[in-house]
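Student: Dropping a structure here in structure tokens format, bear with me for questions.
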Amino acid sequence: MAALELRSVSKAFKASKVLDSVSLAAEEGEIVCVFGPSGSGKTVLLRLIAGVEQADEGSIMLEGRDVTDTAPEARGVGMAFQNFALFPHMSAFDNVASALTARRASPEAIRGKVEKIARLLKIGHVLEHAPRELSNGQKQRTALARALVADPKILLLDDPLRNVDAKLRYEMRLELPALLRTSGSTVLYVTQDYKEAMALGDRIAVLLDGGVAQVAKPADIYREPATLGVARLFGDPAINLVPVQPLASPSGPKIGIGGASLSLPASYAHAIGKRCMLGLRPESLAVEAQPSQESFDVDLVAATPLNEKTLLLLRTADGRELLASEPNADEAPRRHGPAFARFDANAVLLFDAANGRRIAPQSA
Amino acid sequence: MADIALSLTKVDKIYQRRGKPPVHAVKSLDMAVERGEIIALLGSSGCGKTSTLRMIAGFEAVSNGDIVLADRRIDQLPPARRGVAMAFEGYSLYPPLTVRDNIAFALKSARLSAKDVEKRVAEISRLVEIEEILDRYPSSISGGQQQRASLARALVRRADLYLLDEPMGQLEPQLRAVLRGRLKSLLVERRMTSIFVTHDQTEANALADRIAVMEAGVLQQFASQKELRDRPANLFVATFVGEPPMNVFEAAVENGERLRFKVTAGPTFDFASSEIPLPVRQAIGGRERAVVGVRPHAIRLGGGLNEARIVSNQWLGDQSHLAMDVAGKLLVAVSHKPIAAKAGEKIRYDAAAADLHVFDAATEAAVSHGLETA
């Protein structure tokens, strides 16, 4: 039995349908990241689960119980929004404890619970401080402690790191999975940042145009995105897309890029004749000074360093721009001018141009 | 001799505030930019980078010092007479003109034929992808499009210097990498001397030949991306530049038969002194304490003296980020390949002498970088 399940949930505001028959299930203790561009309905989804919005159609199940018509406070759902605002006039301790006081627990029991969660989140030493005396990181942890201390069965987090500076956001990204697991809660975590989704989620639900485009483990989504739309959202820089139409040849399917005829693996024979989009991740595109059997001519337009990599902007013979990335080497910097590009045929993605769906390779 | 396009000499910016102490936003800034160079002013908000750009543009007066562009002293000239093209806040598009006319207006003084104007506008519009909004008015386009339009207006004309404020700040991530490549290609090809301000080191690294890292009004280091990465001048630069930032720990130093750095409740980095060049050992000298740093990409996993508990191991599709709990802090290692290890497990790690940065514990100035002195 899933801890949380949405069954064909739809929601419209006035004439515009924000969620269109969304189904999604999360197992107990699982962290599911709900990821998508702004306006894709992520926040509305959380609000429906919390009960602060009503679904037009479909049902919401918590541990097998239909809560579609249950009041928000009776659902056992904890929710924290962007920015995790703390009560400024209360100490960190009282902020955390505020999540428990409504439950008529004894002061000793409350103290015990708050101190335990504070130890785990490394804020035990600042519990008596007011929010303004806390560093940004401590504020963030205090707010998280408040969300976790009541042991909500379901914890809904709406882009909690959005307004945090880059350094702290990175640290929290590393630490959050372990912290979230301390409560055993099932977590739905909304984010607009694909790296955050990949780093935090046991699985990612990609929300696009009001529907769930794919639900899968992070590495699987990156390697095998279900659609063109999903492929575009994962990767920095974004995936290269080239329209192609595979043709038959004695040595297997061939495609044309910038006038060159290049081989696809035989497992794409079923795509022959179809109008397709070829998806090439920048890291699966190699740039060389010498031509080889499966290389094509490019003009190396610019080399721009990116952390420990270098991005190469390439222009094909027919004027198409491609990005390749390579780990930094201690060789001489790349020279602008003619070069030869080659893709890793096993890392190629192919999409049906008509409907955007990925064409999976088929073994013979 | 280098061909200097722009030089700032002992430039100060002091903001006088009524009833409050003055703010010294830029302190005795010396900087020389060669013709055709692309320079980034990088720092967090309030570091003085924007004040510097505005002084060069002429929107702020210098409090002290002088600015020379193309052999002319310009710090007393009005903005329009400085020979500078700009794209930044407070220098927005003219609302009554279409995007096309805004860009073409910048070419007015160039006395080009209508045909040439059209050609240049078309070319630059293609580069920043605003061809479809050329006939719209500024008020009817998005913030990102306005930004690209003002970038086009600055780049379309010929000038001694181009000043750009966060040129790619608001762009969709899917577009950013390609536009950066195109912009760099244009600036390099036409040898356009440029200075841009950014708080985003990805943008600085991608575009700039040299990066001026500023903090608290002071130029911390002015060097190439590679130099900043390999030879940061001080602890601030070391931990500010680099994503993720350099791991740094204060350590006890032993500099005898062996060169050893021992972090309390943390790692020990231990080398035979024969591995370390004499000048480096001399630079470290008799210090008892120092700050040691290792970049995340240089942490070696799966062997070595030290062991730590894994906090998380995150695969992002093209790289792995592994965090360990070390001396109550996170130690981060990054690899371009997946790392086979789980959160909660222990893992051994180490760093090579060539990858260790040493900083003075008191002044925070760099002492050595790997096998070279600072």
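For the structure tokens, the naming scheme is as follows: chains receive sequential letters (A, B, ...) according to their order of presentation, residues are indexed from 1 within each chain, and ligands are indexed from 1 in presentation order.
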Return the neighbours of chain B among the residues of chain A, cut-off 6 Å, counting only C-alpha atoms, as an MDAnalysis selection string.

Tutor: chainID A and resid 174 198:199 222 238 302 304:305 313

Student: Once you have the residues from the selection above, write them out as an mmCIF file, in the first residue's frame, restricted to C-alpha atoms.

Tutor:
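The result, stored in out-v6.cif:
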```
data_model
loop_
_atom_site.group_PDB
_atom_site.id
_atom_site.type_symbol
_atom_site.label_atom_id
_atom_site.label_comp_id
_atom_site.auth_asym_id
_atom_site.auth_seq_id
_atom_site.Cartn_x
_atom_site.Cartn_y
_atom_site.Cartn_z
ATOM 1 C CA LEU A 174 24.142 17.370 0.291
ATOM 2 C CA MET A 198 18.432 14.398 -8.957
ATOM 3 C CA ALA A 199 20.377 14.877 -5.737
ATOM 4 C CA TYR A 222 18.737 11.392 -17.260
ATOM 5 C CA ALA A 238 20.943 21.275 -22.173
ATOM 6 C CA ALA A 302 34.167 29.184 -28.897
ATOM 7 C CA THR A 304 34.122 28.439 -22.599
ATOM 8 C CA PRO A 305 35.375 26.968 -19.296
ATOM 9 C CA LEU A 313 30.386 25.636 -29.152
#
```

Student: Could you give me the residues within segment 194-359 of chain A that DSSP places in helix (DSSP H, G or I), as a count of residues only?

Tutor: 31

Student: Give me every strand (DSSP E or B) residue in segment 51-102 of chain A, going by DSSP on the backbone, as a PDB file with C-alpha atoms, in the first residue's frame.

Tutor:
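Printed below is result-v3.pdb as written:
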```pdb
ATOM      1  CA  GLU A  57     -11.855  15.295 -10.074  1.00  0.00           C
ATOM      2  CA  GLY A  58     -10.010  12.235  -8.834  1.00  0.00           C
ATOM      3  CA  SER A  59      -9.091  11.105  -5.356  1.00  0.00           C
ATOM      4  CA  ILE A  60      -6.254  11.453  -2.870  1.00  0.00           C
ATOM      5  CA  MET A  61      -5.373   8.440  -0.722  1.00  0.00           C
ATOM      6  CA  LEU A  62      -3.187   8.492   2.384  1.00  0.00           C
ATOM      7  CA  ARG A  65      -7.609   6.036   3.247  1.00  0.00           C
ATOM      8  CA  ASP A  66      -9.492   8.353   0.914  1.00  0.00           C
ATOM      9  CA  VAL A  77       0.221  16.167   6.547  1.00  0.00           C
ATOM     10  CA  GLY A  78       3.079  18.549   7.388  1.00  0.00           C
ATOM     11  CA  MET A  79       3.890  21.328   4.994  1.00  0.00           C
ATOM     12  CA  ALA A  80       6.680  23.847   4.678  1.00  0.00           C
TER      13      ALA A  80
END
```

Student: Atom CA of Val287 of chain A to atom CA of Glu321 of chain A: how many Å, to one decimal?

Tutor: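 The value is 13.7 Å.
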
Student: Which residues, written as a ChimeraX atom specification, have at least one atom at most 10 Å from Ala265 of chain B, with only C-alpha atoms counted and residues fewer than 3 positions away on the same chain left out?

Tutor: /B:262,268,326-328

Student: Based on the selection just made, write C-alpha atoms of those residues as a PDB file, in the first residue's frame.

Tutor:
```pdb
ATOM      1  CA  LYS B 262      46.872  17.266  11.112  1.00  0.00           C
ATOM      2  CA  THR B 268      46.017  13.984   8.261  1.00  0.00           C
ATOM      3  CA  VAL B 326      34.899  15.380   8.561  1.00  0.00           C
ATOM      4  CA  ALA B 327      35.649  17.239  11.788  1.00  0.00           C
ATOM      5  CA  GLY B 328      32.015  18.339  11.992  1.00  0.00           C
TER       6      GLY B 328
END
```

Student: Leaving out Glu345 of chain B and any residue of its chain fewer than 6 positions from it, which residues lie within 9 Å of it when counting only C-alpha atoms, given as a VMD selection string?

Tutor: chain B and resid 308 to 311

Student: Could you state the separation of atom CA of Ala226 of chain A and atom CA of Ala205 of chain A in Å, given to one decimal place?

Tutor: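 Atom-to-atom, atom CA of Ala226 of chain A and atom CA of Ala205 of chain A are spaced 11.6 Å apart.
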
Student: What does the structure give for the distance between atom CA of Glu115 of chain A and atom CA of Leu144 of chain A, in Å to one decimal?

Tutor: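 Those two atoms sit 13.6 Å apart.
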
Student: Contacts of Ser16 of chain A at 12 Å or less, counting only C-alpha atoms, minus same-chain residues fewer than 6 places along, as a PDB file with N, CA and C atoms, in the first residue's frame?

Tutor:
```pdb
ATOM      1  N   SER A  10      -7.529  16.076 -11.139  1.00  0.00           N
ATOM      2  CA  SER A  10      -7.544  17.237 -12.027  1.00  0.00           C
ATOM      3  C   SER A  10      -7.939  18.475 -11.245  1.00  0.00           C
ATOM      4  N   GLY A  39       4.943  27.188 -13.385  1.00  0.00           N
ATOM      5  CA  GLY A  39       3.649  27.136 -14.057  1.00  0.00           C
ATOM      6  C   GLY A  39       3.221  25.736 -14.455  1.00  0.00           C
ATOM      7  N   SER A  40       3.977  24.723 -14.057  1.00  0.00           N
ATOM      8  CA  SER A  40       3.602  23.367 -14.457  1.00  0.00           C
ATOM      9  C   SER A  40       2.633  22.718 -13.469  1.00  0.00           C
ATOM     10  N   GLY A  41       2.284  23.415 -12.386  1.00  0.00           N
ATOM     11  CA  GLY A  41       1.271  22.901 -11.470  1.00  0.00           C
ATOM     12  C   GLY A  41       1.822  22.224 -10.223  1.00  0.00           C
ATOM     13  N   ASP A 209       3.204  20.682 -18.404  1.00  0.00           N
ATOM     14  CA  ASP A 209       1.897  21.013 -18.980  1.00  0.00           C
ATOM     15  C   ASP A 209       0.748  20.331 -18.248  1.00  0.00           C
ATOM     16  N   GLY A 210       0.823  20.313 -16.915  1.00  0.00           N
ATOM     17  CA  GLY A 210      -0.290  19.802 -16.135  1.00  0.00           C
ATOM     18  C   GLY A 210      -0.369  18.293 -16.028  1.00  0.00           C
TER      19      GLY A 210
END
```

Student: Residues near segment 45-60 of chain B, anyone? I mean within 6 Å using only C-alpha atoms, not counting same-chain ones fewer than 3 positions away, as a PDB file with C-alpha atoms, in the first residue's frame.

Tutor:
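This went into out10.pdb:
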```pdb
ATOM      1  CA  ALA B  25      32.892  51.160  -1.673  1.00  0.00           C
ATOM      2  CA  VAL B  26      36.039  50.918  -3.817  1.00  0.00           C
ATOM      3  CA  LEU B  41      34.372  41.926 -12.270  1.00  0.00           C
ATOM      4  CA  PRO B  79      29.155  59.301 -20.179  1.00  0.00           C
ATOM      5  CA  MET B 214      36.497  41.900  -5.519  1.00  0.00           C
ATOM      6  CA  GLU B 215      35.496  41.819  -1.877  1.00  0.00           C
ATOM      7  CA  ALA B 216      34.857  44.687   0.560  1.00  0.00           C
ATOM      8  CA  GLY B 217      35.928  47.237  -2.066  1.00  0.00           C
TER       9      GLY B 217
END
```
